[in-house]
$ cat coords.pdb   # PDB, C-alpha atoms and all ligand atoms
ATOM      1  CA  MET A   1      22.096 118.199  40.490
ATOM      2  CA  ASP A   2      23.841 117.458  37.190
ATOM      3  CA  ASN A   3      23.554 113.677  36.773
ATOM      4  CA  SER A   4      26.837 113.459  34.868
ATOM      5  CA  VAL A   5      28.721 114.438  38.056
ATOM      6  CA  LYS A   6      30.659 111.369  39.200
ATOM      7  CA  THR A   7      32.934 112.894  41.800
ATOM      8  CA  PHE A   8      32.740 115.698  44.340
ATOM      9  CA  THR A   9      35.862 117.769  44.831
ATOM     10  CA  HIS A  10      34.190 120.565  46.800
ATOM     11  CA  ILE A  11      33.070 119.740  50.317
ATOM     12  CA  SER A  12      30.144 122.173  50.172
ATOM     13  CA  GLU A  13      28.700 120.456  47.070
ATOM     14  CA  PHE A  14      29.171 117.057  48.685
ATOM     15  CA  LEU A  15      27.350 118.173  51.849
ATOM     16  CA  ASP A  16      24.584 119.770  49.756
ATOM     17  CA  TYR A  17      24.180 116.451  47.960
ATOM     18  CA  LEU A  18      23.836 114.596  51.268
ATOM     19  CA  GLY A  19      20.924 116.969  51.906
ATOM     20  CA  ASN A  20      19.338 118.890  54.746
ATOM     21  CA  ASP A  21      17.653 115.818  56.157
ATOM     22  CA  PHE A  22      20.977 113.939  56.400
ATOM     23  CA  THR A  23      21.613 113.070  60.039
ATOM     24  CA  GLY A  24      25.069 111.511  59.686
ATOM     25  CA  LEU A  25      27.060 114.699  60.242
ATOM     26  CA  THR A  26      27.575 115.005  64.007
ATOM     27  CA  SER A  27      28.082 118.375  65.657
ATOM     28  CA  GLU A  28      31.656 117.294  66.466
ATOM     29  CA  MET A  29      32.356 116.511  62.793
ATOM     30  CA  ARG A  30      30.827 119.808  61.756
ATOM     31  CA  ALA A  31      32.949 121.708  64.292
ATOM     32  CA  ASN A  32      36.140 119.896  63.181
ATOM     33  CA  LEU A  33      35.497 120.089  59.448
ATOM     34  CA  ASP A  34      38.540 121.289  57.493
ATOM     35  CA  GLN A  35      37.165 123.085  54.431
ATOM     36  CA  GLU A  36      40.576 123.458  52.769
ATOM     37  CA  PRO A  37      42.573 120.351  53.645
ATOM     38  CA  THR A  38      46.160 119.946  52.476
ATOM     39  CA  PHE A  39      45.330 116.373  51.442
ATOM     40  CA  ALA A  40      42.558 117.332  49.038
ATOM     41  CA  PHE A  41      38.962 116.225  49.486
ATOM     42  CA  ASN A  42      37.571 113.880  46.842
ATOM     43  CA  CYS A  43      34.575 111.572  47.077
ATOM     44  CA  SER A  44      32.604 109.806  44.377
ATOM     45  CA  LYS A  45      28.856 110.299  44.008
ATOM     46  CA  HIS A  46      28.563 106.515  44.284
ATOM     47  CA  TYR A  47      30.177 106.569  47.740
ATOM     48  CA  ALA A  48      28.029 109.562  48.745
ATOM     49  CA  ASP A  49      24.987 107.399  47.913
ATOM     50  CA  LEU A  50      26.387 104.552  50.020
ATOM     51  CA  ILE A  51      26.739 107.018  52.900
ATOM     52  CA  LYS A  52      23.156 108.228  52.441
ATOM     53  CA  ASN A  53      21.834 104.662  52.371
ATOM     54  CA  SER A  54      23.893 103.407  55.299
ATOM     55  CA  ALA A  55      22.331 102.653  58.677
ATOM     56  CA  GLU A  56      25.594 104.013  60.141
ATOM     57  CA  PRO A  57      26.400 106.994  57.915
ATOM     58  CA  VAL A  58      28.749 108.595  60.461
ATOM     59  CA  LYS A  59      31.143 105.674  60.112
ATOM     60  CA  LEU A  60      31.406 105.936  56.324
ATOM     61  CA  LEU A  61      31.536 109.704  56.431
ATOM     62  CA  ARG A  62      34.555 109.622  58.759
ATOM     63  CA  GLU A  63      36.504 107.831  56.019
ATOM     64  CA  VAL A  64      36.153 110.710  53.556
ATOM     65  CA  LEU A  65      35.405 113.948  55.412
ATOM     66  CA  PRO A  66      38.476 116.091  56.192
ATOM     67  CA  SER A  67      38.935 116.942  59.850
ATOM     68  CA  THR A  68      41.148 119.469  61.606
ATOM     69  CA  ASP A  69      42.423 116.454  63.592
ATOM     70  CA  GLU A  70      44.580 115.809  60.515
ATOM     71  CA  LEU A  71      46.574 118.936  61.358
ATOM     72  CA  LYS A  72      47.734 117.565  64.701
ATOM     73  CA  ASP A  73      51.228 116.147  64.972
ATOM     74  CA  ALA A  74      51.581 112.851  66.825
ATOM     75  CA  PRO A  75      54.833 111.114  67.761
ATOM     76  CA  GLY A  76      55.754 108.341  65.322
ATOM     77  CA  PHE A  77      53.327 109.509  62.601
ATOM     78  CA  VAL A  78      55.515 110.341  59.608
ATOM     79  CA  ASP A  79      55.445 111.120  55.878
ATOM     80  CA  ASP A  80      56.624 107.645  54.776
ATOM     81  CA  PRO A  81      55.178 105.229  57.345
ATOM     82  CA  VAL A  82      55.757 101.985  55.441
ATOM     83  CA  GLY A  83      59.203 102.684  54.032
ATOM     84  CA  ASP A  84      58.131 103.212  50.427
ATOM     85  CA  LEU A  85      60.973 105.585  49.608
ATOM     86  CA  PRO A  86      63.894 103.343  50.656
ATOM     87  CA  ALA A  87      62.225 100.506  48.678
ATOM     88  CA  GLY A  88      62.160 102.556  45.461
ATOM     89  CA  LYS A  89      63.826 100.906  42.445
ATOM     90  CA  SER A  90      62.771 103.530  39.914
ATOM     91  CA  GLU A  91      60.283 106.404  39.751
ATOM     92  CA  CYS A  92      57.314 104.051  39.990
ATOM     93  CA  ILE A  93      58.631 100.634  41.090
ATOM     94  CA  LEU A  94      59.004  99.561  44.719
ATOM     95  CA  GLN A  95      60.454  96.292  45.911
ATOM     96  CA  LYS A  96      60.034  95.367  49.556
ATOM     97  CA  TYR A  97      59.646  91.619  49.356
ATOM     98  CA  GLU A  98      61.702  88.933  47.679
ATOM     99  CA  ASN A  99      60.850  88.283  44.020
ATOM    100  CA  ARG A 100      57.773  90.545  44.128
ATOM    101  CA  ALA A 101      57.487  94.103  42.875
ATOM    102  CA  LEU A 102      54.916  96.837  43.392
ATOM    103  CA  ILE A 103      54.059  99.459  40.793
ATOM    104  CA  VAL A 104      52.858 102.873  41.954
ATOM    105  CA  SER A 105      50.824 103.193  38.798
ATOM    106  CA  THR A 106      49.100 106.543  39.359
ATOM    107  CA  SER A 107      48.399 109.156  42.003
ATOM    108  CA  ALA A 108      44.672 109.147  41.202
ATOM    109  CA  CYS A 109      42.033 107.403  43.332
ATOM    110  CA  GLY A 110      38.251 107.139  43.406
ATOM    111  CA  VAL A 111      38.334 108.841  46.793
ATOM    112  CA  ARG A 112      40.763 110.494  49.162
ATOM    113  CA  CYS A 113      40.637 108.274  52.240
ATOM    114  CA  ARG A 114      41.464 110.425  55.229
ATOM    115  CA  PHE A 115      43.622 107.634  56.706
ATOM    116  CA  CYS A 116      45.612 107.119  53.480
ATOM    117  CA  PHE A 117      49.121 105.724  54.042
ATOM    118  CA  ARG A 118      50.385 107.452  50.875
ATOM    119  CA  ARG A 119      48.806 110.833  51.596
ATOM    120  CA  ASN A 120      52.268 112.408  51.722
ATOM    121  CA  TYR A 121      53.907 110.259  49.029
ATOM    122  CA  PRO A 122      55.836 112.194  46.340
ATOM    123  CA  PHE A 123      54.062 110.727  43.295
ATOM    124  CA  GLN A 124      56.048 110.972  40.036
ATOM    125  CA  ASP A 125      54.847 111.458  36.516
ATOM    126  CA  THR A 126      53.793 108.011  35.259
ATOM    127  CA  GLN A 127      53.390 108.786  31.566
ATOM    128  CA  ASN A 128      56.077 106.291  30.500
ATOM    129  CA  ILE A 129      55.215 103.732  33.101
ATOM    130  CA  ALA A 130      54.698 100.783  30.704
ATOM    131  CA  SER A 131      58.184 101.073  29.190
ATOM    132  CA  GLU A 132      59.756 101.781  32.583
ATOM    133  CA  VAL A 133      58.195  98.623  34.054
ATOM    134  CA  SER A 134      59.062  96.559  30.993
ATOM    135  CA  ASN A 135      62.720  97.646  31.026
ATOM    136  CA  TRP A 136      63.014  96.876  34.723
ATOM    137  CA  LEU A 137      61.414  93.424  34.384
ATOM    138  CA  ASP A 138      63.806  92.657  31.491
ATOM    139  CA  VAL A 139      66.684  92.578  33.968
ATOM    140  CA  HIS A 140      64.819  91.356  37.077
ATOM    141  CA  THR A 141      63.767  87.943  35.890
ATOM    142  CA  SER A 142      63.276  86.523  39.392
ATOM    143  CA  ILE A 143      60.124  88.652  39.873
ATOM    144  CA  TRP A 144      57.130  86.333  39.687
ATOM    145  CA  GLU A 145      54.423  88.588  41.146
ATOM    146  CA  VAL A 146      53.680  92.151  40.090
ATOM    147  CA  ILE A 147      51.361  94.205  42.282
ATOM    148  CA  LEU A 148      49.555  97.179  40.800
ATOM    149  CA  SER A 149      48.993  99.831  43.432
ATOM    150  CA  GLY A 150      48.840 103.593  43.496
ATOM    151  CA  GLY A 151      46.725 105.603  43.891
ATOM    152  CA  ASP A 152      44.249 103.241  42.366
ATOM    153  CA  PRO A 153      45.490 101.402  39.251
ATOM    154  CA  LEU A 154      41.973 100.998  37.870
ATOM    155  CA  THR A 155      41.635 104.787  37.541
ATOM    156  CA  LEU A 156      44.078 104.564  34.601
ATOM    157  CA  GLY A 157      42.316 105.023  31.271
ATOM    158  CA  PRO A 158      41.717 101.849  29.222
ATOM    159  CA  GLY A 159      44.685 102.603  26.911
ATOM    160  CA  PRO A 160      47.384 103.201  29.573
ATOM    161  CA  PHE A 161      46.014 100.334  31.688
ATOM    162  CA  ARG A 162      46.208  97.914  28.755
ATOM    163  CA  ASP A 163      49.726  99.135  27.854
ATOM    164  CA  LEU A 164      50.897  98.526  31.415
ATOM    165  CA  VAL A 165      49.389  95.064  31.660
ATOM    166  CA  GLU A 166      50.705  94.085  28.211
ATOM    167  CA  ALA A 167      54.192  95.264  29.227
ATOM    168  CA  ILE A 168      54.042  92.965  32.263
ATOM    169  CA  ALA A 169      52.534  90.052  30.344
ATOM    170  CA  PHE A 170      55.422  90.251  27.874
ATOM    171  CA  HIS A 171      57.630  88.789  30.660
ATOM    172  CA  PRO A 172      56.975  85.045  31.102
ATOM    173  CA  SER A 173      58.765  85.152  34.475
ATOM    174  CA  VAL A 174      55.770  87.061  35.882
ATOM    175  CA  THR A 175      53.109  84.470  36.660
ATOM    176  CA  THR A 176      50.882  86.451  39.054
ATOM    177  CA  LEU A 177      49.247  89.825  38.657
ATOM    178  CA  ARG A 178      47.736  91.410  41.756
ATOM    179  CA  ILE A 179      45.624  94.572  41.719
ATOM    180  CA  HIS A 180      44.866  96.589  44.850
ATOM    181  CA  THR A 181      41.821  98.801  44.468
ATOM    182  CA  ARG A 182      38.922 100.562  46.164
ATOM    183  CA  LEU A 183      37.102 101.212  42.888
ATOM    184  CA  PRO A 184      34.528  98.383  43.181
ATOM    185  CA  ILE A 185      33.049 100.340  46.097
ATOM    186  CA  MET A 186      33.962 103.868  44.950
ATOM    187  CA  ARG A 187      33.562 103.885  41.148
ATOM    188  CA  PRO A 188      32.235 100.539  39.934
ATOM    189  CA  ASP A 189      31.676 102.199  36.534
ATOM    190  CA  LEU A 190      35.439 102.705  36.161
ATOM    191  CA  VAL A 191      36.101  99.022  36.872
ATOM    192  CA  MET A 192      33.642  98.074  34.157
ATOM    193  CA  GLN A 193      35.513 100.191  31.567
ATOM    194  CA  HIS A 194      38.372  97.660  31.857
ATOM    195  CA  PHE A 195      36.158  94.642  31.743
ATOM    196  CA  GLU A 196      37.146  93.214  28.399
ATOM    197  CA  LEU A 197      40.800  93.157  29.462
ATOM    198  CA  LEU A 198      40.103  91.963  33.016
ATOM    199  CA  ARG A 199      38.174  89.029  31.570
ATOM    200  CA  GLU A 200      41.128  88.039  29.371
ATOM    201  CA  LEU A 201      43.833  88.265  32.009
ATOM    202  CA  PRO A 202      43.294  84.990  33.907
ATOM    203  CA  ALA A 203      44.336  83.167  30.714
ATOM    204  CA  ARG A 204      47.740  84.880  31.016
ATOM    205  CA  PHE A 205      48.384  85.227  34.765
ATOM    206  CA  ASN A 206      47.172  83.993  38.117
ATOM    207  CA  CYS A 207      45.001  87.022  38.834
ATOM    208  CA  VAL A 208      44.326  88.341  42.320
ATOM    209  CA  LEU A 209      42.178  91.357  43.100
ATOM    210  CA  VAL A 210      42.555  92.753  46.605
ATOM    211  CA  VAL A 211      39.725  95.143  47.339
ATOM    212  CA  HIS A 212      39.902  97.514  50.311
ATOM    213  CA  VAL A 213      36.541  97.510  52.102
ATOM    214  CA  ASN A 214      36.317  98.724  55.688
ATOM    215  CA  HIS A 215      32.603  98.644  56.465
ATOM    216  CA  PRO A 216      29.810  96.295  55.315
ATOM    217  CA  ASP A 217      27.656  99.197  54.087
ATOM    218  CA  GLU A 218      30.304  99.916  51.446
ATOM    219  CA  LEU A 219      29.113  96.805  49.604
ATOM    220  CA  ASP A 220      26.011  97.005  47.438
ATOM    221  CA  GLU A 221      24.531  95.392  44.340
ATOM    222  CA  GLU A 222      27.030  97.199  42.081
ATOM    223  CA  SER A 223      30.062  95.844  43.946
ATOM    224  CA  ALA A 224      28.383  92.419  43.907
ATOM    225  CA  ALA A 225      28.028  92.627  40.108
ATOM    226  CA  VAL A 226      31.711  93.574  39.666
ATOM    227  CA  PHE A 227      32.882  90.728  41.899
ATOM    228  CA  ALA A 228      30.561  88.190  40.274
ATOM    229  CA  GLN A 229      31.980  88.957  36.828
ATOM    230  CA  LEU A 230      35.584  88.869  38.024
ATOM    231  CA  LYS A 231      35.043  85.617  39.864
ATOM    232  CA  PHE A 232      33.363  84.086  36.827
ATOM    233  CA  SER A 233      36.420  85.106  34.777
ATOM    234  CA  GLY A 234      38.790  83.320  37.165
ATOM    235  CA  TRP A 235      40.025  86.039  39.539
ATOM    236  CA  THR A 236      40.837  85.282  43.166
ATOM    237  CA  LEU A 237      39.065  87.917  45.267
ATOM    238  CA  LEU A 238      40.442  88.991  48.657
ATOM    239  CA  ASN A 239      39.736  91.884  50.986
ATOM    240  CA  GLN A 240      42.082  93.982  53.064
ATOM    241  CA  SER A 241      40.588  96.317  55.679
ATOM    242  CA  VAL A 242      42.187  98.925  57.874
ATOM    243  CA  LEU A 243      41.099  98.924  61.498
ATOM    244  CA  LEU A 244      39.820 102.463  62.024
ATOM    245  CA  LYS A 245      38.582 104.136  65.182
ATOM    246  CA  GLY A 246      34.981 105.231  64.763
ATOM    247  CA  VAL A 247      34.552 103.243  61.551
ATOM    248  CA  ASN A 248      34.944  99.509  62.181
ATOM    249  CA  ASP A 249      36.443  99.131  65.676
ATOM    250  CA  ASP A 250      33.595  96.996  67.009
ATOM    251  CA  ALA A 251      33.048  93.260  66.691
ATOM    252  CA  GLU A 252      29.547  93.524  65.269
ATOM    253  CA  THR A 253      30.722  95.636  62.298
ATOM    254  CA  LEU A 254      33.705  93.380  61.600
ATOM    255  CA  GLU A 255      31.545  90.266  61.748
ATOM    256  CA  ARG A 256      28.998  91.796  59.349
ATOM    257  CA  LEU A 257      31.814  92.904  57.046
ATOM    258  CA  SER A 258      33.272  89.384  56.774
ATOM    259  CA  ARG A 259      29.874  87.839  56.134
ATOM    260  CA  ARG A 260      28.873  90.429  53.539
ATOM    261  CA  LEU A 261      32.190  90.102  51.720
ATOM    262  CA  PHE A 262      31.741  86.350  51.552
ATOM    263  CA  GLU A 263      28.180  86.774  50.242
ATOM    264  CA  GLN A 264      29.753  88.766  47.392
ATOM    265  CA  GLY A 265      32.433  86.125  46.742
ATOM    266  CA  VAL A 266      35.332  87.875  48.513
ATOM    267  CA  LEU A 267      37.439  86.345  51.299
ATOM    268  CA  PRO A 268      38.549  88.569  54.209
ATOM    269  CA  TYR A 269      42.338  88.401  54.093
ATOM    270  CA  TYR A 270      43.972  91.108  56.229
ATOM    271  CA  LEU A 271      42.782  93.399  58.974
ATOM    272  CA  HIS A 272      45.556  95.971  58.993
ATOM    273  CA  GLN A 273      46.587  98.089  61.891
ATOM    274  CA  LEU A 274      46.735 101.712  60.772
ATOM    275  CA  ASP A 275      49.865 102.816  58.940
ATOM    276  CA  HIS A 276      51.291 105.745  60.894
ATOM    277  CA  ALA A 277      51.099 108.428  58.224
ATOM    278  CA  LYS A 278      51.304 112.013  59.399
ATOM    279  CA  GLY A 279      47.788 113.348  60.019
ATOM    280  CA  VAL A 280      45.934 110.096  60.701
ATOM    281  CA  ALA A 281      46.572 109.476  64.431
ATOM    282  CA  HIS A 282      42.901 110.086  65.295
ATOM    283  CA  PHE A 283      42.039 106.771  63.545
ATOM    284  CA  GLU A 284      44.389 104.700  65.744
ATOM    285  CA  VAL A 285      43.065 101.624  67.590
ATOM    286  CA  SER A 286      45.369 100.020  70.179
ATOM    287  CA  ASP A 287      46.877  96.576  69.526
ATOM    288  CA  GLU A 288      45.214  95.319  72.687
ATOM    289  CA  ARG A 289      41.773  96.357  71.428
ATOM    290  CA  ALA A 290      42.551  94.939  67.964
ATOM    291  CA  ARG A 291      43.421  91.521  69.458
ATOM    292  CA  GLU A 292      40.263  91.641  71.576
ATOM    293  CA  LEU A 293      38.163  92.281  68.463
ATOM    294  CA  ILE A 294      39.709  89.385  66.572
ATOM    295  CA  ALA A 295      39.128  87.102  69.578
ATOM    296  CA  GLN A 296      35.478  88.206  69.638
ATOM    297  CA  ILE A 297      34.787  87.629  65.957
ATOM    298  CA  ARG A 298      36.593  84.289  66.081
ATOM    299  CA  THR A 299      33.781  83.031  68.318
ATOM    300  CA  LYS A 300      31.171  84.145  65.767
ATOM    301  CA  LEU A 301      32.658  83.215  62.394
ATOM    302  CA  PRO A 302      34.190  80.200  60.676
ATOM    303  CA  GLY A 303      37.998  80.431  60.541
ATOM    304  CA  TYR A 304      38.058  81.264  56.838
ATOM    305  CA  LEU A 305      36.142  84.479  57.523
ATOM    306  CA  VAL A 306      38.497  85.728  60.261
ATOM    307  CA  PRO A 307      41.092  88.070  58.712
ATOM    308  CA  LYS A 308      44.750  88.011  59.761
ATOM    309  CA  LEU A 309      45.580  90.927  62.047
ATOM    310  CA  VAL A 310      48.823  92.481  60.800
ATOM    311  CA  ARG A 311      50.917  95.607  60.673
ATOM    312  CA  GLU A 312      53.369  96.757  58.041
ATOM    313  CA  ILE A 313      56.693  97.743  59.551
ATOM    314  CA  ALA A 314      59.055  99.704  57.329
ATOM    315  CA  GLY A 315      62.035  97.591  56.262
ATOM    316  CA  GLU A 316      60.562  94.228  57.365
ATOM    317  CA  LYS A 317      60.564  91.389  54.832
ATOM    318  CA  SER A 318      56.870  90.570  55.355
ATOM    319  CA  LYS A 319      53.780  91.886  57.119
ATOM    320  CA  THR A 320      54.036  91.410  60.895
ATOM    321  CA  PRO A 321      51.287  89.405  62.665
ATOM    322  CA  ILE A 322      49.962  91.093  65.819
TER     323      ILE A 322
HETATM  324  S1  LIG B   1      42.288 104.426  47.749
HETATM  325 FE1  LIG B   1      44.227 103.829  48.759
HETATM  326  S2  LIG B   1      45.807 105.145  47.849
HETATM  327 FE2  LIG B   1      43.767 106.062  47.378
HETATM  328  S3  LIG B   1      43.385 107.545  49.017
HETATM  329 FE3  LIG B   1      42.448 105.601  49.646
HETATM  330  S4  LIG B   1      44.048 104.582  50.873
HETATM  331 FE4  LIG B   1      45.063 106.189  49.682
END
$ encode --input "coords.pdb" --output "structure tokens" --more "lines below"
Ligand code: SF4
Amino acid sequence: MDNSVKTFTHISEFLDYLGNDFTGLTSEMRANLDQEPTFAFNCSKHYADLIKNSAEPVKLLREVLPSTDELKDAPGFVDDPVGDLPAGKSECILQKYENRALIVSTSACGVRCRFCFRRNYPFQDTQNIASEVSNWLDVHTSIWEVILSGGDPLTLGPGPFRDLVEAIAFHPSVTTLRIHTRLPIMRPDLVMQHFELLRELPARFNCVLVVHVNHPDELDEESAAVFAQLKFSGWTLLNQSVLLKGVNDDAETLERLSRRLFEQGVLPYYLHQLDHAKGVAHFEVSDERARELIAQIRTKLPGYLVPKLVREIAGEKSKTPI
């Protein structure tokens, strides 16, 4: 295989890379494989290696491998499950919560998670995003926290990423910058391309990085290196997981995840119930089971390693505890 390949966009090449001796693809997954999914397949080579090295490869594979289950309609599973569209303030700015704004900075990600809550989101062209954000912040001076989301904001090239951050930093009313990303576990190399800037930012904002890790085997020495450097630079590191059937819906996995995150300097923050995007119903875990899991891990972990179990309800002014 060509060593410069960083990302697989063809399922056949991805499966070839996993190899003939790979045992993580169950007969059920093989039978349900959707070779031409509407929500395109995309998986980094780095994540493929994590899958190969995992003791539970099926669980990681379920996060990225398209399934014909995604074609099934389920009641209540819709295109805009968290009310992004009614919260739109411009092409790329959403405001759901008081004095905080979220920037949909790009449609690109290091992976296409099969449970993605924005899988049906109508992403706009973000070429002029820095000036759009700057103009909006000029007249919305009560905004004190700006959240960079997407897509994955760290997939922006160094130039556009710096322009966006500089445009935000120009507004003294913004005191906190929060970045939501899966890149430390999907494309750590792409995080490192921003390192000079990421190191500088804590001198200008309170900086919070919320990583999205769902399984302990997604963390390795490369994610540890990224987190160590960010922490050393003054970033607050939090994790947000989604509770996913067949991936992390057992107490042992959740306990290991919290402990491994903490070993890498990251605090477990939220365990999210699944957002009801169209095509993801097969990942649903009941609220009753979710509460049971939290009760189980609470007996195994110190309180600071037990994430808050929440759901996002469209139109609500905060996340809703379950
Ligand atoms: S990284 Fe986030 S936005 Fe990108 S596909 Fe995964 S869930 Fe969706």
$ resolve_selection --input "coords.pdb" --expression "the PyMOL selection byres (((chain A and resi 198) around 12) and not hetatm)" --output "ChimeraX atom specification"
/A:154,158,161-162,165-166,177-179,191-197,199-209,226-227,229-235
$ closest_residue --input "coords.pdb" --among "A:Pro86, A:Gly315, A:Pro268, A:Pro184" --to "ligand LIG 1 (chain B)" --atoms "all atoms listed in the file"
A:Pro184
$ axis_aligned_box --input "coords.pdb" --around "stretch 190-193 of chain A" --padding-each-side "4 Å" --output "lines of an AutoDock Vina configuration file"
center_x = 34.9
center_y = 100.4
center_z = 34.2
size_x = 10.5
size_y = 12.6
size_z = 13.3
$ resolve_selection --input "coords.pdb" --expression "the PyMOL selection byres (((not hetatm)) within 8 of (chain B and resi 1))" --output "JSON list (two decimals) with C-alpha atoms, keeping the file's coordinate frame"
[["chain", "number", "residue", "atom", "x", "y", "z"],
["A", 107, "SER", "CA", 48.40, 109.16, 42.00],
["A", 108, "ALA", "CA", 44.67, 109.15, 41.20],
["A", 109, "CYS", "CA", 42.03, 107.40, 43.33],
["A", 110, "GLY", "CA", 38.25, 107.14, 43.41],
["A", 111, "VAL", "CA", 38.33, 108.84, 46.79],
["A", 112, "ARG", "CA", 40.76, 110.49, 49.16],
["A", 113, "CYS", "CA", 40.64, 108.27, 52.24],
["A", 114, "ARG", "CA", 41.46, 110.42, 55.23],
["A", 115, "PHE", "CA", 43.62, 107.63, 56.71],
["A", 116, "CYS", "CA", 45.61, 107.12, 53.48],
["A", 117, "PHE", "CA", 49.12, 105.72, 54.04],
["A", 118, "ARG", "CA", 50.38, 107.45, 50.88],
["A", 119, "ARG", "CA", 48.81, 110.83, 51.60],
["A", 149, "SER", "CA", 48.99, 99.83, 43.43],
["A", 150, "GLY", "CA", 48.84, 103.59, 43.50],
["A", 151, "GLY", "CA", 46.72, 105.60, 43.89],
["A", 152, "ASP", "CA", 44.25, 103.24, 42.37],
["A", 181, "THR", "CA", 41.82, 98.80, 44.47],
["A", 182, "ARG", "CA", 38.92, 100.56, 46.16],
["A", 183, "LEU", "CA", 37.10, 101.21, 42.89],
["A", 212, "HIS", "CA", 39.90, 97.51, 50.31]]
$ resolve_selection --input "coords.pdb" --expression "the PyMOL selection byres (((chain A and resi 18) around 12) and not hetatm)" --output "PyMOL selection string"
chain A and resi 1+8+11-17+19-25+43+45-54+57+61
$ write_last_selection --input "coords.pdb" --atoms "C-alpha atoms" --output "CSV table (one decimal), keeping the file's coordinate frame"
chain,number,residue,atom,x,y,z
A,1,MET,CA,22.1,118.2,40.5
A,8,PHE,CA,32.7,115.7,44.3
A,11,ILE,CA,33.1,119.7,50.3
A,12,SER,CA,30.1,122.2,50.2
A,13,GLU,CA,28.7,120.5,47.1
A,14,PHE,CA,29.2,117.1,48.7
A,15,LEU,CA,27.4,118.2,51.8
A,16,ASP,CA,24.6,119.8,49.8
A,17,TYR,CA,24.2,116.5,48.0
A,19,GLY,CA,20.9,117.0,51.9
A,20,ASN,CA,19.3,118.9,54.7
A,21,ASP,CA,17.7,115.8,56.2
A,22,PHE,CA,21.0,113.9,56.4
A,23,THR,CA,21.6,113.1,60.0
A,24,GLY,CA,25.1,111.5,59.7
A,25,LEU,CA,27.1,114.7,60.2
A,43,CYS,CA,34.6,111.6,47.1
A,45,LYS,CA,28.9,110.3,44.0
A,46,HIS,CA,28.6,106.5,44.3
A,47,TYR,CA,30.2,106.6,47.7
A,48,ALA,CA,28.0,109.6,48.7
A,49,ASP,CA,25.0,107.4,47.9
A,50,LEU,CA,26.4,104.6,50.0
A,51,ILE,CA,26.7,107.0,52.9
A,52,LYS,CA,23.2,108.2,52.4
A,53,ASN,CA,21.8,104.7,52.4
A,54,SER,CA,23.9,103.4,55.3
A,57,PRO,CA,26.4,107.0,57.9
A,61,LEU,CA,31.5,109.7,56.4
